[in-house]
file input-v6.cif (mmCIF, C-alpha atoms)
data_start
#
loop_
_atom_site.label_atom_id
_atom_site.label_comp_id
_atom_site.auth_asym_id
_atom_site.auth_seq_id
_atom_site.Cartn_x
_atom_site.Cartn_y
_atom_site.Cartn_z
CA MET Q 1 -50.53 26.45 1.93
CA PRO Q 2 -50.70 24.15 4.96
CA GLY Q 3 -47.34 22.93 6.16
CA ALA Q 4 -45.44 25.93 4.80
CA VAL Q 5 -42.48 26.66 7.03
CA PRO Q 6 -41.23 30.17 7.75
CA PHE Q 7 -37.57 30.76 7.03
CA ASP Q 8 -35.44 30.50 10.17
CA ALA Q 9 -32.44 32.77 9.78
CA ARG Q 10 -30.87 31.56 13.02
CA ARG Q 11 -30.35 28.05 11.70
CA PRO Q 12 -26.73 27.23 10.89
CA PRO Q 13 -26.09 26.54 7.19
CA ALA Q 14 -26.86 23.00 6.07
CA SER Q 15 -23.21 22.58 5.07
CA ARG Q 16 -22.39 22.55 8.76
CA VAL Q 17 -24.51 19.41 9.17
CA THR Q 18 -23.02 17.76 6.08
CA ARG Q 19 -19.48 18.56 7.23
CA ILE Q 20 -20.18 16.85 10.55
CA ALA Q 21 -21.50 13.81 8.64
CA LEU Q 22 -18.25 13.84 6.69
CA GLY Q 23 -16.26 13.82 9.95
CA THR Q 24 -18.24 10.80 11.13
CA ALA Q 25 -17.58 8.99 7.85
CA LEU Q 26 -13.88 9.89 8.02
CA THR Q 27 -13.64 8.37 11.51
CA ALA Q 28 -15.45 5.20 10.43
CA VAL Q 29 -13.18 4.71 7.41
CA SER Q 30 -10.01 5.60 9.34
CA ALA Q 31 -10.77 2.92 11.93
CA GLN Q 32 -10.63 0.30 9.15
CA LEU Q 33 -7.63 1.50 7.12
CA ALA Q 34 -4.30 0.21 8.30
CA VAL Q 35 -1.10 1.83 7.00
CA PRO Q 36 1.58 -0.88 6.72
CA LEU Q 37 4.76 -0.07 8.64
CA PRO Q 38 8.22 -1.45 7.90
CA MET Q 39 9.40 -2.85 11.23
CA THR Q 40 6.32 -3.76 13.20
CA GLU Q 41 3.21 -5.87 12.98
CA VAL Q 42 1.15 -3.40 15.02
CA PRO Q 43 -1.55 -2.09 12.68
CA PHE Q 44 -1.28 1.67 12.32
CA THR Q 45 -4.93 2.67 12.03
CA LEU Q 46 -5.72 6.30 11.53
CA GLN Q 47 -8.62 6.39 13.99
CA VAL Q 48 -6.87 8.60 16.54
CA PHE Q 49 -5.85 10.87 13.66
CA ALA Q 50 -9.48 11.17 12.56
CA MET Q 51 -10.78 11.87 16.08
CA LEU Q 52 -8.28 14.71 16.54
CA ALA Q 53 -8.54 16.07 12.99
CA CYS Q 54 -12.33 16.31 13.31
CA GLY Q 55 -11.90 18.48 16.40
CA LEU Q 56 -9.18 20.64 14.83
CA ILE Q 57 -11.03 21.20 11.54
CA LEU Q 58 -14.71 21.22 12.58
CA GLY Q 59 -14.26 23.09 15.87
CA PRO Q 60 -15.27 21.93 19.37
CA ALA Q 61 -19.04 21.54 18.80
CA GLY Q 62 -18.76 20.09 15.30
CA GLY Q 63 -15.96 17.73 16.26
CA ALA Q 64 -17.77 16.48 19.35
CA SER Q 65 -21.00 15.99 17.35
CA SER Q 66 -19.27 14.00 14.62
CA GLN Q 67 -17.68 11.70 17.23
CA ALA Q 68 -20.91 11.33 19.23
CA VAL Q 69 -22.77 10.28 16.07
CA TYR Q 70 -19.93 7.87 15.25
CA LEU Q 71 -20.40 6.22 18.64
CA ALA Q 72 -24.18 6.18 18.18
CA LEU Q 73 -23.81 4.52 14.76
CA GLY Q 74 -21.51 1.88 16.21
CA ALA Q 75 -23.64 1.29 19.29
CA ALA Q 76 -26.72 0.89 17.13
CA GLY Q 77 -24.98 -1.87 15.23
CA VAL Q 78 -23.44 -0.36 12.08
CA PRO Q 79 -19.97 -1.96 11.84
CA VAL Q 80 -17.90 1.24 12.07
CA PHE Q 81 -15.56 0.33 14.93
CA ALA Q 82 -12.04 -0.98 14.26
CA GLY Q 83 -12.06 -4.39 12.57
CA LEU Q 84 -15.67 -3.81 11.45
CA ALA Q 85 -16.90 -4.47 14.99
CA SER Q 86 -20.07 -2.86 16.30
CA GLY Q 87 -22.54 -2.83 19.14
CA MET Q 88 -22.79 -1.84 22.77
CA GLY Q 89 -20.41 -4.69 23.58
CA VAL Q 90 -17.49 -2.66 22.21
CA LEU Q 91 -18.45 0.48 24.15
CA LEU Q 92 -19.07 -1.44 27.39
CA GLY Q 93 -16.03 -3.67 26.77
CA PRO Q 94 -12.42 -3.24 27.88
CA THR Q 95 -11.43 -0.68 25.21
CA GLY Q 96 -14.72 1.23 25.33
CA GLY Q 97 -13.17 4.05 27.35
CA TYR Q 98 -10.98 5.18 24.47
CA LEU Q 99 -14.01 5.42 22.19
CA LEU Q 100 -16.29 7.09 24.73
CA ALA Q 101 -13.62 9.76 25.26
CA ALA Q 102 -13.63 10.65 21.54
CA PRO Q 103 -16.31 13.40 21.67
CA LEU Q 104 -14.56 15.04 24.62
CA ALA Q 105 -11.16 14.70 22.95
CA ALA Q 106 -12.42 16.29 19.73
CA ALA Q 107 -14.04 19.09 21.75
CA ALA Q 108 -10.83 19.71 23.72
CA ALA Q 109 -8.68 19.73 20.56
CA GLY Q 110 -11.15 22.00 18.78
CA ALA Q 111 -11.44 24.43 21.68
CA LEU Q 112 -7.66 24.76 22.09
CA ALA Q 113 -7.14 25.21 18.35
CA GLY Q 114 -9.16 28.43 18.47
CA ARG Q 115 -11.43 30.00 15.89
CA PRO Q 116 -11.41 28.70 12.31
CA GLY Q 117 -8.75 30.10 10.06
CA PRO Q 118 -4.96 30.12 9.94
CA THR Q 119 -3.30 29.06 13.18
CA GLY Q 120 0.30 28.28 14.04
CA TYR Q 121 1.47 24.68 13.82
CA ARG Q 122 2.59 24.64 17.46
CA ARG Q 123 -0.82 25.63 18.71
CA LEU Q 124 -2.51 22.94 16.62
CA LEU Q 125 0.03 20.35 17.81
CA ALA Q 126 -0.57 21.32 21.45
CA ALA Q 127 -4.33 21.07 20.87
CA ALA Q 128 -3.96 17.63 19.24
CA LEU Q 129 -1.77 16.35 22.09
CA ALA Q 130 -4.31 17.63 24.64
CA GLY Q 131 -6.99 15.71 22.75
CA LEU Q 132 -4.79 12.61 22.82
CA ALA Q 133 -4.41 13.01 26.60
CA VAL Q 134 -8.21 13.04 26.92
CA ILE Q 135 -8.45 9.82 24.85
CA TYR Q 136 -5.89 8.17 27.14
CA LEU Q 137 -7.68 9.38 30.27
CA GLY Q 138 -10.93 7.83 29.01
CA GLY Q 139 -9.12 4.65 28.03
CA VAL Q 140 -7.47 4.25 31.44
CA VAL Q 141 -10.73 4.93 33.29
CA GLY Q 142 -12.42 2.36 31.02
CA LEU Q 143 -9.77 -0.29 31.69
CA CYS Q 144 -9.93 0.32 35.45
CA ARG Q 145 -13.72 0.13 35.45
CA TYR Q 146 -13.89 -3.01 33.34
CA PHE Q 147 -11.23 -5.01 35.17
CA GLY Q 148 -11.39 -3.36 38.58
CA TYR Q 149 -7.65 -2.62 38.78
CA GLY Q 150 -5.72 0.42 39.89
CA PRO Q 151 -4.48 3.06 37.45
CA GLY Q 152 -0.89 1.69 37.49
CA PRO Q 153 -1.38 -1.49 35.45
CA ALA Q 154 -3.99 0.24 33.30
CA VAL Q 155 -1.45 2.89 32.25
CA ALA Q 156 1.22 0.23 31.70
CA GLN Q 157 -1.09 -1.78 29.43
CA GLY Q 158 -3.22 0.88 27.85
CA VAL Q 159 -1.03 3.95 27.36
CA LEU Q 160 2.71 3.30 27.33
CA PRO Q 161 2.81 0.79 24.43
CA PHE Q 162 0.96 3.18 22.12
CA ILE Q 163 2.19 6.61 23.09
CA GLY Q 164 4.93 6.84 20.41
CA PHE Q 165 2.71 5.97 17.47
CA ASP Q 166 -0.14 8.06 18.77
CA ALA Q 167 2.11 11.09 19.11
CA VAL Q 168 2.99 10.62 15.41
CA LYS Q 169 -0.74 10.50 14.59
CA ALA Q 170 -1.37 13.65 16.64
CA SER Q 171 1.38 15.53 14.80
CA LEU Q 172 -0.05 14.24 11.51
CA ALA Q 173 -3.47 15.55 12.51
CA ALA Q 174 -1.95 18.95 13.36
CA ALA Q 175 0.00 19.10 10.08
CA VAL Q 176 -3.03 18.19 7.98
CA ALA Q 177 -5.36 20.49 9.93
CA LEU Q 178 -2.90 23.36 9.52
CA ARG Q 179 -3.15 23.21 5.74
CA VAL Q 180 -6.85 22.31 5.52
CA ARG Q 181 -7.84 25.14 7.88
CA GLY Q 182 -5.75 27.60 5.91
CA ALA Q 183 -7.28 26.55 2.59
CA LEU Q 184 -10.85 26.57 3.92
CA ARG Q 185 -10.42 30.10 5.23
CA SER Q 186 -9.16 31.50 1.96
CA ARG Q 187 -11.99 30.00 -0.09
CA MET I 1 -15.37 -3.27 3.84
CA LEU I 2 -17.54 -0.90 1.84
CA ASP I 3 -20.46 -3.30 1.71
CA ASP I 4 -20.03 -4.18 5.36
CA ILE I 5 -20.41 -0.57 6.47
CA ILE I 6 -23.18 0.40 4.06
CA LEU I 7 -25.35 -2.69 4.24
CA GLY I 8 -24.63 -3.52 7.85
CA GLN I 9 -25.49 -7.05 8.81
CA TYR I 10 -29.21 -7.03 8.09
CA VAL I 11 -30.71 -10.42 7.27
CA PRO I 12 -34.01 -9.79 5.47
CA GLY I 13 -36.91 -11.74 6.90
CA ASP I 14 -40.48 -11.65 8.11
CA SER I 15 -40.22 -13.11 11.62
CA PHE I 16 -41.68 -11.79 14.89
CA LEU I 17 -38.40 -9.95 15.59
CA HIS I 18 -38.25 -8.44 12.09
CA ARG I 19 -41.74 -7.05 12.42
CA LEU I 20 -41.22 -5.41 15.81
CA ASP I 21 -41.04 -1.63 15.83
CA PRO I 22 -37.30 -0.78 15.53
CA ARG I 23 -37.68 1.55 18.52
CA THR I 24 -38.91 -1.32 20.68
CA LYS I 25 -36.01 -3.49 19.54
CA MET I 26 -33.46 -0.75 20.13
CA ILE I 27 -34.63 0.02 23.67
CA LEU I 28 -35.05 -3.62 24.67
CA SER I 29 -31.67 -4.70 23.31
CA ALA I 30 -30.00 -1.81 25.17
CA LEU I 31 -31.77 -2.83 28.42
CA LEU I 32 -30.85 -6.47 27.93
CA ALA I 33 -27.21 -5.48 27.23
CA VAL I 34 -27.09 -3.62 30.56
CA LEU I 35 -28.71 -6.64 32.26
CA VAL I 36 -25.63 -8.71 31.29
CA PHE I 37 -23.56 -6.55 33.64
CA VAL I 38 -26.04 -7.01 36.50
CA VAL I 39 -26.10 -10.81 36.24
CA HIS I 40 -23.06 -12.21 38.04
CA THR I 41 -23.38 -15.99 38.38
CA TRP I 42 -22.76 -18.85 35.96
CA THR I 43 -26.38 -20.01 36.39
CA GLY I 44 -27.57 -16.52 35.49
CA TYR I 45 -25.40 -16.48 32.35
CA ALA I 46 -26.58 -19.94 31.32
CA LEU I 47 -30.21 -18.82 31.64
CA TYR I 48 -29.41 -15.59 29.79
CA PHE I 49 -27.72 -17.52 26.99
CA ALA I 50 -30.77 -19.78 26.71
CA PHE I 51 -32.96 -16.67 26.42
CA THR I 52 -30.89 -15.12 23.61
CA ALA I 53 -30.79 -18.49 21.82
CA ALA I 54 -34.58 -18.63 22.05
CA LEU I 55 -34.79 -15.08 20.64
CA ALA I 56 -32.51 -16.04 17.73
CA ALA I 57 -34.82 -18.98 17.02
CA VAL I 58 -37.88 -16.68 17.12
CA GLY I 59 -36.12 -14.32 14.69
CA ARG I 60 -35.21 -17.33 12.47
CA ILE I 61 -31.63 -16.10 12.28
CA PRO I 62 -29.25 -18.71 10.83
CA PRO I 63 -26.49 -19.47 13.40
CA ARG I 64 -23.78 -18.77 10.84
CA TYR I 65 -24.87 -15.11 10.68
CA LEU I 66 -24.52 -14.92 14.45
CA ALA I 67 -21.08 -16.50 14.19
CA ARG I 68 -20.03 -14.04 11.47
CA GLY I 69 -21.21 -11.10 13.57
CA MET I 70 -19.22 -12.39 16.53
CA ARG I 71 -15.99 -12.68 14.57
CA PRO I 72 -14.70 -9.09 14.98
CA MET I 73 -15.15 -9.52 18.75
CA VAL I 74 -12.70 -12.42 18.99
CA PHE I 75 -9.88 -9.89 19.40
CA PHE I 76 -11.63 -8.21 22.35
CA GLY I 77 -12.34 -11.62 23.86
CA VAL I 78 -8.67 -12.61 23.72
CA ILE I 79 -7.55 -9.29 25.27
CA THR I 80 -10.12 -9.67 28.04
CA PHE I 81 -8.99 -13.23 28.77
CA LEU I 82 -5.28 -12.33 28.84
CA PHE I 83 -5.91 -9.35 31.14
CA GLN I 84 -7.59 -11.64 33.65
CA LEU I 85 -4.77 -14.19 33.43
CA VAL I 86 -2.11 -11.56 34.09
CA PHE I 87 -3.81 -9.46 36.73
CA VAL I 88 -5.87 -11.81 38.91
CA ARG I 89 -3.53 -12.67 41.78
CA GLU I 90 -5.90 -14.60 44.08
CA GLY I 91 -6.23 -18.35 44.02
CA ARG I 92 -3.87 -21.28 43.53
CA ALA I 93 -1.04 -20.83 41.04
CA VAL I 94 -1.31 -23.20 38.10
CA LEU I 95 1.49 -21.76 35.99
CA ASP I 96 4.62 -19.89 37.03
CA LEU I 97 6.65 -18.14 34.33
CA TRP I 98 9.28 -15.81 35.79
CA ILE I 99 7.33 -12.69 36.90
CA LEU I 100 4.06 -13.98 35.46
CA THR I 101 1.87 -16.16 37.64
CA VAL I 102 -1.36 -17.62 36.33
CA THR I 103 -3.84 -18.66 39.01
CA ASP I 104 -6.88 -20.91 38.74
CA ARG I 105 -9.07 -17.97 39.76
CA GLY I 106 -7.57 -15.98 36.88
CA VAL I 107 -8.49 -18.66 34.35
CA VAL I 108 -12.05 -18.90 35.69
CA GLU I 109 -12.43 -15.10 35.75
CA GLY I 110 -11.06 -14.93 32.20
CA PHE I 111 -13.69 -17.32 30.89
CA PHE I 112 -16.34 -15.48 32.92
CA MET I 113 -15.46 -12.09 31.39
CA CYS I 114 -15.31 -13.58 27.89
CA PHE I 115 -18.72 -15.13 28.29
CA ARG I 116 -20.10 -11.80 29.48
CA LEU I 117 -18.71 -10.03 26.41
CA LEU I 118 -20.18 -12.75 24.17
CA LEU I 119 -23.63 -12.25 25.68
CA VAL I 120 -23.59 -8.47 25.22
CA VAL I 121 -22.57 -8.85 21.59
CA LEU I 122 -25.16 -11.56 20.96
CA VAL I 123 -28.08 -9.55 22.29
CA VAL I 124 -27.16 -6.48 20.23
CA LEU I 125 -26.58 -8.66 17.15
CA LEU I 126 -30.17 -9.87 17.43
CA PHE I 127 -31.23 -6.24 16.96
CA THR I 128 -28.77 -5.51 14.14
CA LEU I 129 -29.54 -8.66 12.17
CA THR I 130 -33.28 -8.00 12.16
CA THR I 131 -33.29 -4.22 11.52
CA SER I 132 -32.47 -2.52 8.20
CA ALA I 133 -30.37 0.65 8.05
CA VAL I 134 -33.40 2.74 7.02
CA GLU I 135 -35.40 1.52 10.01
CA LEU I 136 -32.40 2.19 12.22
CA ALA I 137 -32.01 5.82 11.10
CA GLU I 138 -35.75 6.40 11.47
CA ALA I 139 -35.73 4.88 14.96
CA VAL I 140 -32.82 7.08 16.07
CA ASP I 141 -34.55 10.16 14.67
CA ARG I 142 -37.80 9.36 16.51
CA LEU I 143 -36.14 8.38 19.78
CA LEU I 144 -34.08 11.59 19.87
CA ARG I 145 -37.05 13.89 19.28
CA PRO I 146 -37.48 14.71 22.98
CA LEU I 147 -33.94 16.17 22.87
CA ARG I 148 -35.27 19.05 20.77
CA ARG I 149 -36.17 20.73 24.04
CA VAL I 150 -32.49 21.04 24.93
CA GLY I 151 -31.52 22.28 21.48
CA VAL I 152 -30.52 19.03 19.73
CA ASN I 153 -32.26 18.79 16.36
CA SER I 154 -33.11 15.12 15.85
CA TYR I 155 -33.60 15.67 12.11
CA ASP I 156 -30.06 16.96 11.85
CA VAL I 157 -28.81 13.97 13.87
CA GLY I 158 -30.69 11.59 11.57
CA LEU I 159 -29.22 13.42 8.59
CA VAL I 160 -25.68 13.12 9.96
CA LEU I 161 -26.29 9.40 10.55
CA SER I 162 -27.44 8.64 7.01
CA GLY I 163 -25.08 11.25 5.53
CA ALA I 164 -22.09 9.59 7.20
CA ILE I 165 -22.98 6.24 5.64
CA ARG I 166 -23.47 8.01 2.32
CA PHE I 167 -20.02 9.64 2.54
CA VAL I 168 -18.11 6.39 3.08
CA PRO I 169 -17.96 5.44 -0.64
CA THR I 170 -17.23 9.09 -1.56
CA LEU I 171 -14.25 9.13 0.81
CA LEU I 172 -12.80 5.87 -0.52
CA GLU I 173 -13.33 6.92 -4.14
CA GLN I 174 -11.66 10.31 -3.58
CA ALA I 175 -8.80 8.75 -1.61
CA ASP I 176 -8.12 6.40 -4.53
CA LYS I 177 -8.20 9.32 -6.97
CA VAL I 178 -5.78 11.46 -4.93
CA LYS I 179 -3.44 8.52 -4.38
CA LYS I 180 -3.28 7.82 -8.12
CA ALA I 181 -2.75 11.50 -8.86
CA GLN I 182 0.21 11.61 -6.47
CA MET I 183 1.63 8.38 -7.90
CA ALA I 184 1.41 9.95 -11.36
CA ARG I 185 3.60 12.74 -9.96
CA GLY I 186 6.17 10.18 -8.94
CA VAL I 187 5.40 9.53 -5.27
CA VAL I 188 6.23 5.95 -4.22
CA PHE I 189 4.16 5.13 -1.14
CA GLU I 190 5.84 1.83 -0.29
CA GLN I 191 9.24 3.41 0.47
CA GLY I 192 10.87 5.48 3.17
CA ASN I 193 11.14 5.63 6.94
CA LEU I 194 8.43 6.67 9.35
CA ILE I 195 8.84 10.42 8.84
CA GLU I 196 9.02 10.17 5.04
CA ARG I 197 5.93 7.99 5.04
CA GLY I 198 4.17 10.48 7.28
CA ARG I 199 4.92 13.20 4.70
CA LYS I 200 3.53 11.03 1.93
CA VAL I 201 0.36 10.31 3.92
CA THR I 202 -0.04 14.08 4.38
CA ALA I 203 0.25 14.45 0.60
CA ILE I 204 -2.86 12.27 0.32
CA LEU I 205 -4.81 13.52 3.31
CA VAL I 206 -4.68 17.27 2.64
CA PRO I 207 -6.06 17.19 -0.94
CA LEU I 208 -8.45 14.40 0.06
CA LEU I 209 -9.93 16.39 2.95
CA LEU I 210 -10.20 19.56 0.86
CA ASN I 211 -11.99 17.61 -1.90
CA VAL I 212 -14.49 15.94 0.39
CA VAL I 213 -15.16 19.10 2.43
CA ARG I 214 -16.04 20.77 -0.85
CA ARG I 215 -18.38 17.88 -1.63
CA ALA I 216 -20.01 18.27 1.79
CA ASP I 217 -20.43 22.02 1.26
CA GLU I 218 -21.99 21.41 -2.17
CA LEU I 219 -24.42 18.92 -0.67
CA GLY I 220 -25.36 21.43 2.04
CA MET I 221 -25.89 24.14 -0.57
CA ALA I 222 -28.05 21.82 -2.69
CA MET I 223 -30.15 21.02 0.38
CA GLU I 224 -30.65 24.68 1.20
CA ALA I 225 -31.57 25.39 -2.42
CA ARG I 226 -34.33 22.80 -1.86
CA CYS I 227 -35.43 24.60 1.31
CA TYR I 228 -33.95 22.24 3.90
CA GLN I 229 -34.90 23.76 7.26
CA GLY I 230 -33.86 21.02 9.65
CA GLY I 231 -36.89 18.92 8.91
CA VAL I 232 -39.56 21.27 10.30
CA GLY I 233 -42.87 20.24 8.81
CA ARG I 234 -41.23 17.35 6.98
CA THR I 235 -43.03 14.04 6.65
CA SER I 236 -41.39 10.64 6.52
CA ARG I 237 -41.91 7.88 4.01
CA MET I 238 -41.49 5.27 6.72
CA GLN I 239 -44.20 5.21 9.36
CA LEU I 240 -43.26 3.42 12.56
CA ARG I 241 -46.11 1.69 14.36
CA THR I 242 -46.13 0.20 17.82
CA GLY I 243 -48.57 -2.71 18.03
CA ALA I 244 -49.59 -5.58 20.30
CA ARG I 245 -46.48 -7.58 19.49
CA ASP I 246 -44.28 -4.73 20.75
CA TRP I 247 -46.04 -4.78 24.12
CA VAL I 248 -45.72 -8.58 24.27
CA ALA I 249 -41.98 -8.37 23.53
CA ALA I 250 -41.48 -5.62 26.11
CA ALA I 251 -43.49 -7.47 28.78
CA VAL I 252 -41.61 -10.75 28.24
CA SER I 253 -38.17 -9.08 28.27
CA VAL I 254 -38.86 -6.95 31.34
CA ALA I 255 -40.41 -9.88 33.24
CA TRP I 256 -37.36 -11.96 32.35
CA GLY I 257 -34.94 -9.27 33.52
CA VAL I 258 -36.81 -8.66 36.79
CA MET I 259 -36.87 -12.40 37.47
CA LEU I 260 -33.10 -12.72 36.97
CA VAL I 261 -32.36 -9.75 39.23
CA TRP I 262 -34.91 -10.83 41.86
CA ALA I 263 -33.45 -14.35 41.99
CA GLY I 264 -30.06 -12.74 42.66
CA LEU I 265 -28.41 -14.56 39.75
#

call {"tool": "encode", "arguments": {"input": "input-v6.cif", "output": "structure tokens"}}
result
Amino acid sequence: MPGAVPFDARRPPASRVTRIALGTALTAVSAQLAVPLPMTEVPFTLQVFAMLACGLILGPAGGASSQAVYLALGAAGVPVFAGLASGMGVLLGPTGGYLLAAPLAAAAAGALAGRPGPTGYRRLLAAALAGLAVIYLGGVVGLCRYFGYGPGPAVAQGVLPFIGFDAVKASLAAAVALRVRGALRSR
Amino acid sequence: MLDDIILGQYVPGDSFLHRLDPRTKMILSALLAVLVFVVHTWTGYALYFAFTAALAAVGRIPPRYLARGMRPMVFFGVITFLFQLVFVREGRAVLDLWILTVTDRGVVEGFFMCFRLLLVVLVVLLFTLTTSAVELAEAVDRLLRPLRRVGVNSYDVGLVLSGAIRFVPTLLEQADKVKKAQMARGVVFEQGNLIERGRKVTAILVPLLLNVVRRADELGMAMEARCYQGGVGRTSRMQLRTGARDWVAAAVSVAWGVMLVWAGL
């Protein structure tokens, strides 16, 4: 039969591809959902949570792939960025650095979290915080590049106001990943 | 939100822009977006704006769709403007508020940066508004094929792209289900301090993620049962064709870009 394809045993299972797609979808939805908070008007989107959780649960390669595809979807014009924005304008704009750092952040978090399976909470938290640091690094570089300022004002504007909430999101990602990783291993 | 993500912003039509090969549109809009950052004078931006307006007319895109697509970017525009106001120190001071000094240069720069952002968004919108999601996924798949040499499977990338869009309604549906299940167990989500709320969010996220990961695994298994092999030997229902109009569009855009750069605008 023409077009018959020999079986390739080296291919990863298809569920690996579908799990990455799921991570991309999770990031896109998380960027839109805002959890209302009692004392502040700042929207608490779960995007940072999703970026880190993808790395912690899917591993470095899977996490980075899911984030890279998320960026590609957004750049190509599907409204997946926060506030249903999309397009190269967001990536090349002032806050593009945070987004462009997402694949690296997910990879860093995934690599530090170690092989799939049960891991201690502290290790996952450290991995999530390292991922958060990568997001901030990208964000600061992006702000400096876009506006042409030194790192000082960029950190004052782009890191310090958010660090408290983002640390909460990182610990949330670690707590959720802890239980999801444990359950996936035992299945 | 659901419709916005799934349907995108496609405006069905049969114009010159609609009928271009999506690959041509994708590459040209990316090149034109980069060109915005090369142009650095008001004259250049005015000419550029005229060009995008002409393209919108060729694509017969109603201005209100352009306006709607621009709306999410208002936030970025305001941030950009405020940054310029606060951080540009050169020029004559027009406003002095305690430690904050606003200079005339800052105001001008602010408008300049905003206009730049507007142009980038406009040129990409022209692509988005005239390209359906199916065409988009096919174009990405085809454009990434050369990456197979370095081990990236473009079929898998295309699958993740369309799969991600497919999973959005699944995620929302499952999240709603889990939330209702927890409410039935007596959880009140609208109460508590930050830490308590964090715990309650965890009570949704953990079962939600386990549910949807199981869905993803089932989908993967179903695909393997149907002999999914990463698209080797697979044919596509949509055939992309590059014709004379693609070369015309490319020639016009490139000539336009070279002219702007050459004139030093």

call {"tool": "resolve_selection", "arguments": {"input": "input-v6.cif", "expression": "the PyMOL selection byres ((chain I) within 8 of (chain Q))", "output": "ChimeraX atom specification"}}
result
/I:1,4-5,8-9,26,30,33,72-73,76,80,83-84,117,120-121,124-125,127-128,136,156-157,159-161,163-165,167-168,171,193-194,198,202,205-206,209-210,212-213,216-221,223-224,228-229,232-233

call {"tool": "atom_distance", "arguments": {"input": "input-v6.cif", "atom1": "CA of Val123 (chain I)", "atom2": "CA of Leu82 (chain I)"}}
result
23.9 Å

call {"tool": "atom_distance", "arguments": {"input": "input-v6.cif", "atom1": "CA of Leu112 (chain Q)", "atom2": "CA of Gly151 (chain I)"}}
result
24.0 Å

call {"tool": "atom_distance", "arguments": {"input": "input-v6.cif", "atom1": "CA of Ala154 (chain Q)", "atom2": "CA of Val140 (chain Q)"}}
result
5.6 Å

call {"tool": "residues_around", "arguments": {"input": "input-v6.cif", "residues": "Arg115 (chain Q)", "least_positions_apart": "2", "cutoff": "10 Å", "atoms": "only C-alpha atoms", "output": "ChimeraX atom specification"}}
result
/Q:56-60,110-113,117-119

call {"tool": "write_last_selection", "arguments": {"input": "input-v6.cif", "atoms": "C-alpha atoms", "output": "PDB file, keeping the file's coordinate frame"}}
result
ATOM      1  CA  LEU Q  56      -9.180  20.640  14.830  1.00  0.00           C
ATOM      2  CA  ILE Q  57     -11.030  21.200  11.540  1.00  0.00           C
ATOM      3  CA  LEU Q  58     -14.710  21.220  12.580  1.00  0.00           C
ATOM      4  CA  GLY Q  59     -14.260  23.090  15.870  1.00  0.00           C
ATOM      5  CA  PRO Q  60     -15.270  21.930  19.370  1.00  0.00           C
ATOM      6  CA  GLY Q 110     -11.150  22.000  18.780  1.00  0.00           C
ATOM      7  CA  ALA Q 111     -11.440  24.430  21.680  1.00  0.00           C
ATOM      8  CA  LEU Q 112      -7.660  24.760  22.090  1.00  0.00           C
ATOM      9  CA  ALA Q 113      -7.140  25.210  18.350  1.00  0.00           C
ATOM     10  CA  GLY Q 117      -8.750  30.100  10.060  1.00  0.00           C
ATOM     11  CA  PRO Q 118      -4.960  30.120   9.940  1.00  0.00           C
ATOM     12  CA  THR Q 119      -3.300  29.060  13.180  1.00  0.00           C
TER      13      THR Q 119
END

call {"tool": "closest_residue", "arguments": {"input": "input-v6.cif", "among": "I:Val152, I:Leu208, I:Val248, I:Ala46", "to": "Lys179 (chain I)", "atoms": "only C-alpha atoms"}}
result
I:Leu208

call {"tool": "residues_near_point", "arguments": {"input": "input-v6.cif", "point": "(3.2, 15.4, -4.5)", "cutoff": "10 Å", "atoms": "all atoms listed in the file", "output": "PDB file with C-alpha atoms, in the frame of the given file"}}
result
ATOM      1  CA  VAL I 178      -5.780  11.460  -4.930  1.00  0.00           C
ATOM      2  CA  LYS I 179      -3.440   8.520  -4.380  1.00  0.00           C
ATOM      3  CA  ALA I 181      -2.750  11.500  -8.860  1.00  0.00           C
ATOM      4  CA  GLN I 182       0.210  11.610  -6.470  1.00  0.00           C
ATOM      5  CA  MET I 183       1.630   8.380  -7.900  1.00  0.00           C
ATOM      6  CA  ALA I 184       1.410   9.950 -11.360  1.00  0.00           C
ATOM      7  CA  ARG I 185       3.600  12.740  -9.960  1.00  0.00           C
ATOM      8  CA  GLY I 186       6.170  10.180  -8.940  1.00  0.00           C
ATOM      9  CA  VAL I 187       5.400   9.530  -5.270  1.00  0.00           C
ATOM     10  CA  VAL I 188       6.230   5.950  -4.220  1.00  0.00           C
ATOM     11  CA  ARG I 199       4.920  13.200   4.700  1.00  0.00           C
ATOM     12  CA  LYS I 200       3.530  11.030   1.930  1.00  0.00           C
ATOM     13  CA  THR I 202      -0.040  14.080   4.380  1.00  0.00           C
ATOM     14  CA  ALA I 203       0.250  14.450   0.600  1.00  0.00           C
ATOM     15  CA  ILE I 204      -2.860  12.270   0.320  1.00  0.00           C
TER      16      ILE I 204
END

call {"tool": "closest_residue", "arguments": {"input": "input-v6.cif", "among": "I:Tyr45, I:Thr130, I:Asp104, I:Val36", "to": "Gly59 (chain I)", "atoms": "all atoms listed in the file"}}
result
I:Thr130

call {"tool": "resolve_selection", "arguments": {"input": "input-v6.cif", "expression": "the PyMOL selection byres ((chain Q and resi 129-136) around 7)", "output": "number ranges by chain"}}
result
Q: 52, 98, 101-102, 105-106, 108-109, 125-128, 137-140, 159, 170
